[in-house]
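Just data_23.cif here, mmCIF, C-alpha atoms and all ligand atoms:
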data_my_file
loop_
_atom_site.label_atom_id
_atom_site.label_comp_id
_atom_site.auth_asym_id
_atom_site.auth_seq_id
_atom_site.Cartn_x
_atom_site.Cartn_y
_atom_site.Cartn_z
CA MET A 1470 -61.67 -14.84 -5.08
CA SER A 1471 -63.74 -14.27 -8.17
CA LEU A 1472 -62.31 -14.21 -11.64
CA THR A 1473 -63.52 -10.69 -12.27
CA TYR A 1474 -61.60 -9.54 -9.20
CA LEU A 1475 -58.42 -11.15 -10.47
CA SER A 1476 -58.89 -9.91 -14.01
CA ARG A 1477 -59.17 -6.34 -12.75
CA PHE A 1478 -55.54 -6.60 -11.81
CA LEU A 1479 -54.25 -8.31 -14.87
CA GLY A 1480 -54.00 -5.01 -16.69
CA LYS A 1481 -53.51 -5.34 -20.38
CA LEU A 1482 -53.30 -9.07 -20.23
CA SER A 1483 -56.87 -9.67 -19.15
CA GLY A 1484 -59.39 -10.23 -21.82
CA ILE A 1485 -56.98 -9.82 -24.70
CA PHE A 1486 -57.34 -13.31 -25.97
CA SER A 1487 -60.77 -13.00 -27.44
CA LYS A 1488 -61.62 -15.72 -29.90
CA GLU A 1489 -60.81 -13.60 -32.96
CA LYS A 1490 -57.47 -12.50 -31.66
CA LYS A 1491 -56.43 -15.98 -30.61
CA SER A 1492 -56.70 -17.12 -34.19
CA ASP A 1493 -54.61 -14.23 -35.40
CA ILE A 1494 -51.05 -15.31 -34.72
CA SER A 1495 -49.36 -11.97 -35.32
CA THR A 1496 -51.79 -10.17 -32.97
CA LEU A 1497 -51.18 -12.88 -30.42
CA GLU A 1498 -47.43 -12.45 -30.75
CA GLN A 1499 -47.67 -8.70 -30.30
CA THR A 1500 -50.00 -9.04 -27.32
CA LEU A 1501 -47.75 -11.52 -25.56
CA LEU A 1502 -44.72 -9.30 -26.13
CA GLU A 1503 -46.55 -6.18 -24.92
CA ALA A 1504 -47.63 -8.01 -21.77
CA ASP A 1505 -43.93 -8.75 -21.12
CA VAL A 1506 -44.08 -12.48 -21.71
CA GLY A 1507 -40.71 -12.01 -23.42
CA VAL A 1508 -39.32 -13.23 -26.73
CA LYS A 1509 -38.31 -16.69 -25.51
CA TYR A 1510 -41.68 -17.72 -24.11
CA THR A 1511 -43.65 -15.86 -26.77
CA ASN A 1512 -41.89 -17.96 -29.41
CA PHE A 1513 -42.29 -21.06 -27.29
CA LEU A 1514 -46.02 -20.48 -26.93
CA LEU A 1515 -46.54 -19.61 -30.59
CA GLU A 1516 -44.85 -22.84 -31.56
CA LYS A 1517 -46.99 -24.81 -29.13
CA VAL A 1518 -50.16 -23.09 -30.33
CA ASN A 1519 -49.36 -24.35 -33.81
CA ASN A 1520 -52.39 -22.73 -35.39
CA ASN A 1521 -54.66 -24.26 -32.80
CA PRO A 1522 -55.46 -21.47 -30.33
CA GLU A 1523 -57.12 -23.93 -27.96
CA ASN A 1524 -53.64 -25.10 -27.09
CA LEU A 1525 -52.68 -21.73 -25.70
CA ASN A 1526 -54.45 -21.93 -22.33
CA LYS A 1527 -53.17 -25.45 -21.80
CA GLU A 1528 -49.58 -24.46 -22.55
CA ILE A 1529 -49.66 -21.34 -20.37
CA LEU A 1530 -51.12 -23.38 -17.53
CA LYS A 1531 -48.30 -25.93 -17.86
CA LEU A 1532 -45.77 -23.13 -17.40
CA VAL A 1533 -47.38 -21.42 -14.39
CA ASN A 1534 -48.78 -24.43 -12.55
CA ILE A 1535 -45.90 -25.35 -10.23
CA LYS A 1536 -46.02 -27.70 -7.28
CA MET A 1537 -46.75 -25.91 -3.99
CA PRO A 1538 -44.12 -26.09 -1.23
CA ASP A 1539 -44.38 -28.74 1.47
CA THR A 1540 -44.61 -27.37 4.98
CA ASN A 1541 -43.78 -29.13 8.23
CA PRO A 1542 -46.99 -29.42 10.30
CA ALA A 1543 -45.05 -28.88 13.55
CA LYS A 1544 -45.94 -25.48 15.06
CA PRO A 1545 -45.07 -22.74 14.51
CA LEU A 1546 -45.32 -22.33 10.76
CA ILE A 1547 -42.28 -20.17 10.00
CA ILE A 1548 -42.34 -17.77 7.07
CA LEU A 1549 -39.22 -15.84 6.06
CA VAL A 1550 -39.71 -12.94 3.66
CA CYS A 1551 -36.76 -11.55 1.72
CA GLY A 1552 -36.06 -9.51 -1.38
CA VAL A 1553 -34.34 -6.45 -2.77
CA ASN A 1554 -34.81 -2.99 -1.28
CA GLY A 1555 -38.28 -1.58 -1.61
CA SER A 1556 -39.75 -4.70 -3.21
CA GLY A 1557 -42.57 -4.78 -0.65
CA LYS A 1558 -41.33 -7.16 2.07
CA THR A 1559 -42.65 -5.30 5.10
CA THR A 1560 -46.03 -4.56 3.52
CA THR A 1561 -46.31 -8.21 2.45
CA VAL A 1562 -45.45 -9.44 5.96
CA ALA A 1563 -48.25 -7.22 7.27
CA LYS A 1564 -50.70 -8.53 4.68
CA LEU A 1565 -49.77 -12.14 5.47
CA ALA A 1566 -50.13 -11.43 9.21
CA TYR A 1567 -53.62 -10.08 8.59
CA MET A 1568 -54.49 -13.17 6.56
CA TYR A 1569 -53.00 -15.70 9.02
CA GLN A 1570 -54.43 -14.09 12.18
CA LYS A 1571 -57.87 -15.10 10.93
CA LYS A 1572 -56.74 -18.71 11.36
CA GLY A 1573 -54.68 -18.51 14.56
CA SER A 1574 -52.07 -16.62 16.56
CA VAL A 1575 -49.34 -14.73 14.70
CA LEU A 1576 -46.03 -13.24 15.80
CA LEU A 1577 -44.04 -10.82 13.65
CA VAL A 1578 -40.26 -10.68 13.96
CA SER A 1579 -38.52 -7.54 12.80
CA ALA A 1580 -35.17 -8.79 11.51
CA ASP A 1581 -34.49 -5.63 9.47
CA THR A 1582 -31.76 -4.14 11.62
CA TYR A 1583 -30.32 -1.94 8.85
CA ARG A 1584 -32.86 0.69 8.03
CA ASP A 1585 -33.81 3.50 10.39
CA ALA A 1586 -37.23 2.95 11.89
CA ALA A 1587 -37.74 -0.39 10.13
CA SER A 1588 -38.96 -1.95 13.36
CA GLN A 1589 -41.34 0.96 14.05
CA GLN A 1590 -42.80 0.57 10.55
CA LEU A 1591 -43.51 -3.10 11.23
CA ASP A 1592 -44.89 -2.25 14.67
CA ILE A 1593 -47.53 -0.01 13.12
CA TRP A 1594 -48.55 -2.85 10.82
CA ALA A 1595 -48.62 -5.29 13.77
CA GLN A 1596 -51.10 -3.02 15.53
CA LYS A 1597 -53.24 -2.77 12.39
CA ALA A 1598 -53.26 -6.55 11.99
CA GLY A 1599 -53.80 -7.05 15.73
CA VAL A 1600 -50.80 -9.37 16.14
CA GLU A 1601 -47.76 -9.55 18.42
CA ILE A 1602 -44.30 -8.40 17.41
CA VAL A 1603 -40.69 -8.87 18.49
CA ARG A 1604 -39.01 -5.58 17.69
CA SER A 1605 -35.33 -4.86 17.09
CA GLN A 1606 -32.88 -1.99 17.22
CA LYS A 1607 -30.86 -0.69 14.31
CA GLY A 1608 -27.47 -2.40 14.28
CA GLN A 1609 -28.58 -5.40 16.31
CA ASP A 1610 -27.64 -8.88 15.10
CA ALA A 1611 -30.55 -10.06 12.93
CA GLY A 1612 -29.88 -13.72 13.80
CA ALA A 1613 -30.19 -12.97 17.51
CA VAL A 1614 -33.50 -11.18 16.97
CA VAL A 1615 -34.84 -14.18 15.05
CA TYR A 1616 -33.67 -16.52 17.81
CA ASP A 1617 -35.50 -14.45 20.45
CA GLY A 1618 -38.60 -14.30 18.29
CA LEU A 1619 -38.76 -18.04 17.73
CA ASN A 1620 -38.12 -18.74 21.40
CA LYS A 1621 -41.02 -16.51 22.31
CA ALA A 1622 -43.21 -18.19 19.67
CA MET A 1623 -42.37 -21.66 21.03
CA THR A 1624 -43.05 -20.62 24.62
CA LYS A 1625 -46.36 -19.00 23.75
CA LYS A 1626 -47.33 -21.77 21.30
CA ILE A 1627 -47.84 -19.29 18.48
CA ASP A 1628 -49.24 -20.75 15.26
CA THR A 1629 -47.44 -18.63 12.66
CA VAL A 1630 -44.21 -16.61 12.77
CA LEU A 1631 -43.50 -14.09 10.02
CA ILE A 1632 -39.94 -12.77 9.71
CA ASP A 1633 -39.36 -9.43 7.97
CA THR A 1634 -35.80 -8.95 6.72
CA ALA A 1635 -33.73 -6.03 5.49
CA GLY A 1636 -33.71 -5.18 1.80
CA ARG A 1637 -30.59 -6.35 0.05
CA LEU A 1638 -29.21 -6.47 -3.43
CA HIS A 1639 -28.61 -10.02 -4.57
CA THR A 1640 -25.08 -8.96 -5.54
CA ARG A 1641 -24.08 -8.11 -1.94
CA SER A 1642 -22.59 -11.37 -0.72
CA ASP A 1643 -22.19 -10.18 2.89
CA LEU A 1644 -25.90 -9.46 3.10
CA MET A 1645 -26.79 -12.74 1.45
CA GLU A 1646 -24.66 -14.42 4.14
CA GLU A 1647 -26.79 -12.73 6.79
CA LEU A 1648 -29.91 -14.30 5.30
CA LYS A 1649 -28.26 -17.71 5.32
CA LYS A 1650 -27.40 -17.16 8.95
CA ILE A 1651 -31.03 -16.31 9.72
CA LYS A 1652 -32.01 -19.61 8.09
CA ARG A 1653 -29.44 -21.49 10.20
CA VAL A 1654 -30.81 -19.86 13.35
CA VAL A 1655 -34.29 -21.05 12.39
CA THR A 1656 -33.03 -24.63 12.07
CA LYS A 1657 -31.77 -24.52 15.67
CA LEU A 1658 -35.38 -24.24 16.83
CA LYS A 1659 -37.16 -25.95 13.95
CA PRO A 1660 -34.71 -28.38 12.32
CA SER A 1661 -36.58 -28.47 9.00
CA GLY A 1662 -35.95 -24.71 8.69
CA PRO A 1663 -38.37 -22.02 7.54
CA ASP A 1664 -41.48 -23.64 6.06
CA LEU A 1665 -41.76 -20.89 3.51
CA SER A 1666 -38.80 -18.85 2.29
CA LEU A 1667 -40.56 -16.25 0.21
CA LEU A 1668 -39.12 -13.77 -2.24
CA THR A 1669 -40.97 -10.54 -2.94
CA ILE A 1670 -40.63 -9.41 -6.54
CA ASP A 1671 -41.72 -5.97 -7.71
CA ALA A 1672 -44.02 -6.89 -10.60
CA THR A 1673 -43.45 -3.54 -12.30
CA LEU A 1674 -39.94 -4.77 -13.10
CA GLY A 1675 -41.47 -7.52 -15.20
CA GLN A 1676 -38.95 -9.88 -16.71
CA ASN A 1677 -36.04 -7.80 -15.42
CA SER A 1678 -36.57 -9.40 -12.05
CA ILE A 1679 -35.71 -12.91 -13.21
CA GLN A 1680 -31.94 -12.64 -12.78
CA GLN A 1681 -32.11 -11.29 -9.21
CA ALA A 1682 -34.68 -13.94 -8.32
CA LYS A 1683 -32.41 -16.67 -9.69
CA ILE A 1684 -29.58 -15.55 -7.43
CA PHE A 1685 -31.80 -15.41 -4.33
CA ALA A 1686 -33.08 -18.86 -5.22
CA GLN A 1687 -29.60 -20.33 -5.71
CA GLU A 1688 -28.13 -18.71 -2.62
CA LEU A 1689 -30.99 -19.17 -0.25
CA GLY A 1690 -33.45 -21.75 -1.52
CA ILE A 1691 -36.68 -19.88 -2.17
CA ASN A 1692 -39.86 -21.97 -2.26
CA GLY A 1693 -42.46 -19.32 -3.00
CA LEU A 1694 -42.75 -16.03 -4.85
CA ILE A 1695 -44.91 -13.01 -4.15
CA LEU A 1696 -45.35 -10.53 -6.97
CA THR A 1697 -45.99 -7.14 -5.39
CA LYS A 1698 -47.37 -3.93 -6.92
CA PHE A 1699 -49.33 -6.01 -9.37
CA ASP A 1700 -52.04 -3.32 -9.29
CA GLY A 1701 -49.80 -0.85 -11.05
CA THR A 1702 -48.39 -2.86 -13.90
CA ALA A 1703 -49.14 -3.76 -17.47
CA LYS A 1704 -46.42 -6.36 -17.24
CA GLY A 1705 -48.49 -9.11 -15.66
CA GLY A 1706 -47.52 -11.46 -18.47
CA ALA A 1707 -44.06 -11.67 -16.91
CA ILE A 1708 -45.55 -14.24 -14.53
CA ILE A 1709 -45.13 -16.70 -17.40
CA PRO A 1710 -41.33 -16.39 -17.88
CA ILE A 1711 -40.79 -15.92 -14.13
CA CYS A 1712 -42.50 -19.25 -13.36
CA ALA A 1713 -41.01 -21.03 -16.36
CA GLU A 1714 -37.44 -19.95 -15.61
CA LEU A 1715 -37.45 -20.25 -11.83
CA LYS A 1716 -39.77 -23.25 -11.42
CA ILE A 1717 -40.89 -21.73 -8.12
CA PRO A 1718 -44.63 -21.22 -7.53
CA VAL A 1719 -46.15 -17.75 -7.26
CA LEU A 1720 -48.19 -17.90 -4.05
CA TYR A 1721 -49.64 -14.41 -3.80
CA LEU A 1722 -50.07 -11.17 -5.71
CA GLY A 1723 -49.82 -7.81 -3.91
CA VAL A 1724 -52.50 -5.56 -5.36
CA GLY A 1725 -52.32 -2.37 -3.32
CA GLU A 1726 -50.87 -0.68 -0.26
CA LYS A 1727 -53.55 -1.70 2.20
CA ILE A 1728 -53.39 -4.64 4.58
CA GLU A 1729 -56.10 -6.59 2.77
CA ASP A 1730 -54.55 -6.08 -0.68
CA LEU A 1731 -53.14 -9.57 -1.11
CA ILE A 1732 -54.69 -12.23 -3.27
CA GLU A 1733 -53.83 -15.87 -3.55
CA PHE A 1734 -52.44 -16.76 -6.96
CA LYS A 1735 -54.28 -19.71 -8.44
CA PRO A 1736 -52.85 -20.87 -11.78
CA GLU A 1737 -56.17 -22.10 -13.17
CA GLU A 1738 -57.89 -18.83 -12.31
CA PHE A 1739 -55.03 -16.84 -13.81
CA VAL A 1740 -55.28 -18.67 -17.12
CA ALA A 1741 -59.07 -18.51 -17.10
CA ALA A 1742 -58.89 -14.73 -16.51
CA LEU A 1743 -56.62 -14.35 -19.52
CA PHE A 1744 -59.34 -15.78 -21.66
CA THR A 1745 -62.18 -13.76 -20.18
CA ASP A 1746 -63.40 -11.12 -22.62
N1 LIG B 1 -49.34 -0.25 -5.17
C1 LIG B 1 -48.71 -1.10 -4.37
N2 LIG B 1 -47.73 -0.66 -3.57
C2 LIG B 1 -47.10 -1.55 -2.78
C3 LIG B 1 -47.43 -2.94 -2.78
N3 LIG B 1 -46.62 -3.56 -1.90
C4 LIG B 1 -45.82 -2.59 -1.38
N4 LIG B 1 -46.10 -1.39 -1.90
C5 LIG B 1 -45.46 -0.09 -1.61
O1 LIG B 1 -44.09 -0.18 -1.91
C6 LIG B 1 -43.34 0.62 -1.02
C7 LIG B 1 -42.23 -0.23 -0.37
O2 LIG B 1 -42.87 -1.20 0.45
P1 LIG B 1 -42.16 -1.87 1.71
O3 LIG B 1 -43.07 -2.93 2.19
O4 LIG B 1 -41.69 -0.86 2.68
O5 LIG B 1 -40.91 -2.53 0.97
P2 LIG B 1 -39.65 -3.26 1.64
O6 LIG B 1 -39.23 -4.32 0.69
O7 LIG B 1 -40.00 -3.68 3.02
O8 LIG B 1 -38.59 -2.07 1.67
P3 LIG B 1 -37.17 -2.08 2.44
O9 LIG B 1 -37.41 -2.66 3.80
O10 LIG B 1 -36.77 -0.64 2.48
O11 LIG B 1 -36.25 -2.91 1.61
C8 LIG B 1 -44.33 1.21 -0.04
O12 LIG B 1 -44.65 2.50 -0.42
C9 LIG B 1 -45.53 0.28 -0.15
O13 LIG B 1 -46.74 0.92 0.17
C10 LIG B 1 -48.48 -3.38 -3.67
O14 LIG B 1 -48.83 -4.57 -3.76
N5 LIG B 1 -49.07 -2.42 -4.43
MG MG B 2 -39.01 -3.34 4.82
#

Can the structure from this file be put into structure tokens for me?
Ligand SMILES: Nc1nc2c(ncn2[C@@H]2O[C@H](COP(=O)(O)OP(=O)(O)OP(=O)(O)O)[C@@H](O)[C@H]2O)c(=O)[nH]1
Ligand SMILES: [Mg+2]
Amino acid sequence: MSLTYLSRFLGKLSGIFSKEKKSDISTLEQTLLEADVGVKYTNFLLEKVNNNPENLNKEILKLVNIKMPDTNPAKPLIILVCGVNGSGKTTTVAKLAYMYQKKGSVLLVSADTYRDAASQQLDIWAQKAGVEIVRSQKGQDAGAVVYDGLNKAMTKKIDTVLIDTAGRLHTRSDLMEELKKIKRVVTKLKPSGPDLSLLTIDATLGQNSIQQAKIFAQELGINGLILTKFDGTAKGGAIIPICAELKIPVLYLGVGEKIEDLIEFKPEEFVAALFTD
């Protein structure tokens, strides 16, 4: 992925730190605040910059460069995708399926048994990505669907399983329990559990997403973030407080509604793009 491609999606944040502006602390402060870096990390960064703008890239990189999750090499690689309603889970599962099918076999599991036609929506994506799917019916037990899906994946020696879940507010404890149950079901077939438990975050919410993400992380153990709808936001700077507060790596950015609209988030490239004029 080239820097220019990434910087196209960084909205207001890309290219703002030209050499002149970097040396102008009040412009820098305003720019960081406008990009939704937030008061706390704007002040933090201004202090670290300490009249030496060269420090800025280094300090931002320290905040966003978080250790990647370890995955268990035993097949299948199991990826669980969760998040609040409408945050882009199903679309992200489809995009990941498209990406992973280039490397091996993929099975989608539709564990959204709440919403009408959720399984049909995923089925359409499965066809587009050219991958297999285990469908479900509305009202079915999500844990049972996941169990069936993993059994099928084991039997067919599938490389990657992607589990789509129902949207839920982090404040609904019954629904959070269902996600924990899905995780327990996974451990019956792969004792180390899901390799990646990913949270989709709607990037247009900016910093407002931090609190919900914290609760998902505490309740469920999230080891990767995907910021969706990054194409439509001027709040890309929120990546900085999100990473700094959650200490969970951002793995991908969703940059559109199409199946190929997913880019890998690379901290060094992100910081470099910020400083591209
Ligand atoms: N522009 C843009 N739109 C996106 C992106 N990701 C998802 N969307 C759109 O956001 C809307 C919701 O996406 P879904 O994938 O259905 O979200 P969900 O989290 O599965 O929704 P529920 O299952 O209802 O909770 C759809 O209209 C998607 O096309 C993205 O990266 N960019
Ligand atoms: Mg969905």

Point out the residue among A:Ala1611, A:Val1575, A:Leu1514, A:Leu1667 with the least atom-to-atom distance to Pro1545 of chain A, counting only C-alpha atoms.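 Closest residue, counting only C-alpha atoms: A:Val1575.
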
So which residues touch Lys1571 of chain A within 12 Å, counting all atoms listed in the file, skipping near sequence neighbours fewer than 5 positions away, as a list of chain:residue names?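 Once the nearby chain positions are removed, what remains is A:Lys1564, A:Leu1565, A:Ala1566, A:Ala1598, A:Gly1599, A:Val1600, A:Asp1628, A:Thr1629, A:Glu1729.
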
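Minimum atom-to-atom distances from A:Gly1557, A:Gly1662, A:Gly1618, A:Gly1636 to Thr1582 of chain A were compared using only C-alpha atoms, and the lowest value belongs to A:Gly1636.
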
Shortest interatomic distance to ligand LIG 1 (chain B) - which of A:Glu1516, A:Asp1633, A:Asp1505, A:Glu1726, counting all atoms listed in the file: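 Checking each candidate against ligand LIG 1 (chain B), we get A:Glu1726 as the closest.
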
Within 10 Å of ligand MG 2 (chain B): each chain A residue with its shortest pair, all atoms listed in the file, as a tab-separated table:
residue	atom	partner	partner_atom	distance
A:Val1550	CA	B:MG2	MG	9.7
A:Cys1551	CA	B:MG2	MG	9.1
A:Gly1552	CA	B:MG2	MG	9.2
A:Val1553	CA	B:MG2	MG	9.4
A:Asn1554	CA	B:MG2	MG	7.4
A:Gly1555	CA	B:MG2	MG	6.7
A:Ser1556	CA	B:MG2	MG	8.2
A:Gly1557	CA	B:MG2	MG	6.7
A:Lys1558	CA	B:MG2	MG	5.2
A:Thr1559	CA	B:MG2	MG	4.1
A:Thr1560	CA	B:MG2	MG	7.2
A:Thr1561	CA	B:MG2	MG	9.1
A:Val1562	CA	B:MG2	MG	8.9
A:Ser1579	CA	B:MG2	MG	9.0
A:Ala1580	CA	B:MG2	MG	9.4
A:Asp1581	CA	B:MG2	MG	6.9
A:Thr1582	CA	B:MG2	MG	10.0
A:Tyr1583	CA	B:MG2	MG	9.7
A:Arg1584	CA	B:MG2	MG	8.0
A:Ala1586	CA	B:MG2	MG	9.6
A:Ala1587	CA	B:MG2	MG	6.2
A:Ser1588	CA	B:MG2	MG	8.7
A:Gln1590	CA	B:MG2	MG	7.9
A:Leu1591	CA	B:MG2	MG	7.8
A:Asp1633	CA	B:MG2	MG	6.9
A:Thr1634	CA	B:MG2	MG	6.7
A:Ala1635	CA	B:MG2	MG	6.0
A:Gly1636	CA	B:MG2	MG	6.4

Let's have the selection written as a PDB file, in the frame of the given file, with C-alpha atoms.
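Listing of again_32.pdb after writing:
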ATOM      1  CA  VAL A1550     -39.710 -12.940   3.660  1.00  0.00           C
ATOM      2  CA  CYS A1551     -36.760 -11.550   1.720  1.00  0.00           C
ATOM      3  CA  GLY A1552     -36.060  -9.510  -1.380  1.00  0.00           C
ATOM      4  CA  VAL A1553     -34.340  -6.450  -2.770  1.00  0.00           C
ATOM      5  CA  ASN A1554     -34.810  -2.990  -1.280  1.00  0.00           C
ATOM      6  CA  GLY A1555     -38.280  -1.580  -1.610  1.00  0.00           C
ATOM      7  CA  SER A1556     -39.750  -4.700  -3.210  1.00  0.00           C
ATOM      8  CA  GLY A1557     -42.570  -4.780  -0.650  1.00  0.00           C
ATOM      9  CA  LYS A1558     -41.330  -7.160   2.070  1.00  0.00           C
ATOM     10  CA  THR A1559     -42.650  -5.300   5.100  1.00  0.00           C
ATOM     11  CA  THR A1560     -46.030  -4.560   3.520  1.00  0.00           C
ATOM     12  CA  THR A1561     -46.310  -8.210   2.450  1.00  0.00           C
ATOM     13  CA  VAL A1562     -45.450  -9.440   5.960  1.00  0.00           C
ATOM     14  CA  SER A1579     -38.520  -7.540  12.800  1.00  0.00           C
ATOM     15  CA  ALA A1580     -35.170  -8.790  11.510  1.00  0.00           C
ATOM     16  CA  ASP A1581     -34.490  -5.630   9.470  1.00  0.00           C
ATOM     17  CA  THR A1582     -31.760  -4.140  11.620  1.00  0.00           C
ATOM     18  CA  TYR A1583     -30.320  -1.940   8.850  1.00  0.00           C
ATOM     19  CA  ARG A1584     -32.860   0.690   8.030  1.00  0.00           C
ATOM     20  CA  ALA A1586     -37.230   2.950  11.890  1.00  0.00           C
ATOM     21  CA  ALA A1587     -37.740  -0.390  10.130  1.00  0.00           C
ATOM     22  CA  SER A1588     -38.960  -1.950  13.360  1.00  0.00           C
ATOM     23  CA  GLN A1590     -42.800   0.570  10.550  1.00  0.00           C
ATOM     24  CA  LEU A1591     -43.510  -3.100  11.230  1.00  0.00           C
ATOM     25  CA  ASP A1633     -39.360  -9.430   7.970  1.00  0.00           C
ATOM     26  CA  THR A1634     -35.800  -8.950   6.720  1.00  0.00           C
ATOM     27  CA  ALA A1635     -33.730  -6.030   5.490  1.00  0.00           C
ATOM     28  CA  GLY A1636     -33.710  -5.180   1.800  1.00  0.00           C
TER      29      GLY A1636
END

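With all atoms listed in the file as the basis for measurement, A:Ala1563 is the residue among A:Ala1563, A:Val1630, A:Ile1717, A:Ala1613 that approaches ligand LIG 1 (chain B) most closely.
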
Can you list, as an mmCIF file with C-alpha atoms, keeping the file's coordinate frame, every protein, DNA or RNA residue that comes within 10 Å of Tyr1721 of chain A when you count only C-alpha atoms, leaving out same-chain residues fewer than 3 positions away?
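Result written to part03.cif:
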data_model
loop_
_atom_site.group_PDB
_atom_site.id
_atom_site.type_symbol
_atom_site.label_atom_id
_atom_site.label_comp_id
_atom_site.auth_asym_id
_atom_site.auth_seq_id
_atom_site.Cartn_x
_atom_site.Cartn_y
_atom_site.Cartn_z
ATOM 1 C CA THR A 1561 -46.310 -8.210 2.450
ATOM 2 C CA LEU A 1565 -49.770 -12.140 5.470
ATOM 3 C CA THR A 1669 -40.970 -10.540 -2.940
ATOM 4 C CA GLY A 1693 -42.460 -19.320 -3.000
ATOM 5 C CA LEU A 1694 -42.750 -16.030 -4.850
ATOM 6 C CA ILE A 1695 -44.910 -13.010 -4.150
ATOM 7 C CA LEU A 1696 -45.350 -10.530 -6.970
ATOM 8 C CA THR A 1697 -45.990 -7.140 -5.390
ATOM 9 C CA PRO A 1718 -44.630 -21.220 -7.530
ATOM 10 C CA VAL A 1724 -52.500 -5.560 -5.360
ATOM 11 C CA LEU A 1731 -53.140 -9.570 -1.110
ATOM 12 C CA ILE A 1732 -54.690 -12.230 -3.270
ATOM 13 C CA GLU A 1733 -53.830 -15.870 -3.550
ATOM 14 C CA PHE A 1734 -52.440 -16.760 -6.960
ATOM 15 C CA LYS A 1735 -54.280 -19.710 -8.440
#

Please reconstruct the missing atoms of segment 1728-1733 of chain A (target: all heavy atoms) and return them as a short mmCIF file (atom, residue, chain, number, x, y, z; two decimals), keeping the file's coordinate frame.
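Listed below is the output, result_29.cif:
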data_model
loop_
_atom_site.label_atom_id
_atom_site.label_comp_id
_atom_site.auth_asym_id
_atom_site.auth_seq_id
_atom_site.Cartn_x
_atom_site.Cartn_y
_atom_site.Cartn_z
N ILE A 1728 -53.69 -3.36 3.94
CA ILE A 1728 -53.39 -4.64 4.58
C ILE A 1728 -54.17 -5.81 3.95
O ILE A 1728 -53.71 -6.95 3.96
CB ILE A 1728 -53.65 -4.52 6.10
CG1 ILE A 1728 -52.81 -5.55 6.87
CG2 ILE A 1728 -55.12 -4.61 6.45
CD1 ILE A 1728 -52.59 -5.21 8.31
N GLU A 1729 -55.31 -5.50 3.37
CA GLU A 1729 -56.10 -6.59 2.77
C GLU A 1729 -55.79 -6.80 1.29
O GLU A 1729 -56.39 -7.65 0.64
CB GLU A 1729 -57.61 -6.35 2.99
CG GLU A 1729 -58.18 -5.12 2.33
CD GLU A 1729 -58.07 -3.85 3.19
OE1 GLU A 1729 -57.27 -3.84 4.16
OE2 GLU A 1729 -58.77 -2.87 2.88
N ASP A 1730 -54.82 -6.03 0.76
CA ASP A 1730 -54.55 -6.08 -0.68
C ASP A 1730 -53.59 -7.20 -1.09
O ASP A 1730 -52.52 -6.95 -1.68
CB ASP A 1730 -54.00 -4.72 -1.16
CG ASP A 1730 -55.04 -3.62 -1.11
OD1 ASP A 1730 -56.23 -3.95 -1.13
OD2 ASP A 1730 -54.65 -2.45 -1.02
N LEU A 1731 -53.96 -8.41 -0.74
CA LEU A 1731 -53.14 -9.57 -1.11
C LEU A 1731 -54.08 -10.64 -1.61
O LEU A 1731 -55.05 -10.98 -0.92
CB LEU A 1731 -52.37 -10.07 0.11
CG LEU A 1731 -51.32 -11.14 -0.12
CD1 LEU A 1731 -50.10 -10.54 -0.83
CD2 LEU A 1731 -50.86 -11.76 1.21
N ILE A 1732 -53.83 -11.15 -2.80
CA ILE A 1732 -54.69 -12.23 -3.27
C ILE A 1732 -53.86 -13.46 -3.56
O ILE A 1732 -52.71 -13.38 -3.97
CB ILE A 1732 -55.55 -11.83 -4.50
CG1 ILE A 1732 -54.69 -11.34 -5.67
CG2 ILE A 1732 -56.58 -10.79 -4.15
CD1 ILE A 1732 -55.50 -10.99 -6.91
N GLU A 1733 -54.49 -14.59 -3.30
CA GLU A 1733 -53.83 -15.87 -3.55
C GLU A 1733 -53.73 -16.06 -5.07
O GLU A 1733 -54.69 -15.78 -5.78
CB GLU A 1733 -54.69 -16.97 -2.95
CG GLU A 1733 -53.90 -18.04 -2.27
CD GLU A 1733 -54.82 -19.06 -1.65
OE1 GLU A 1733 -55.71 -18.68 -0.86
OE2 GLU A 1733 -54.64 -20.24 -1.97
#
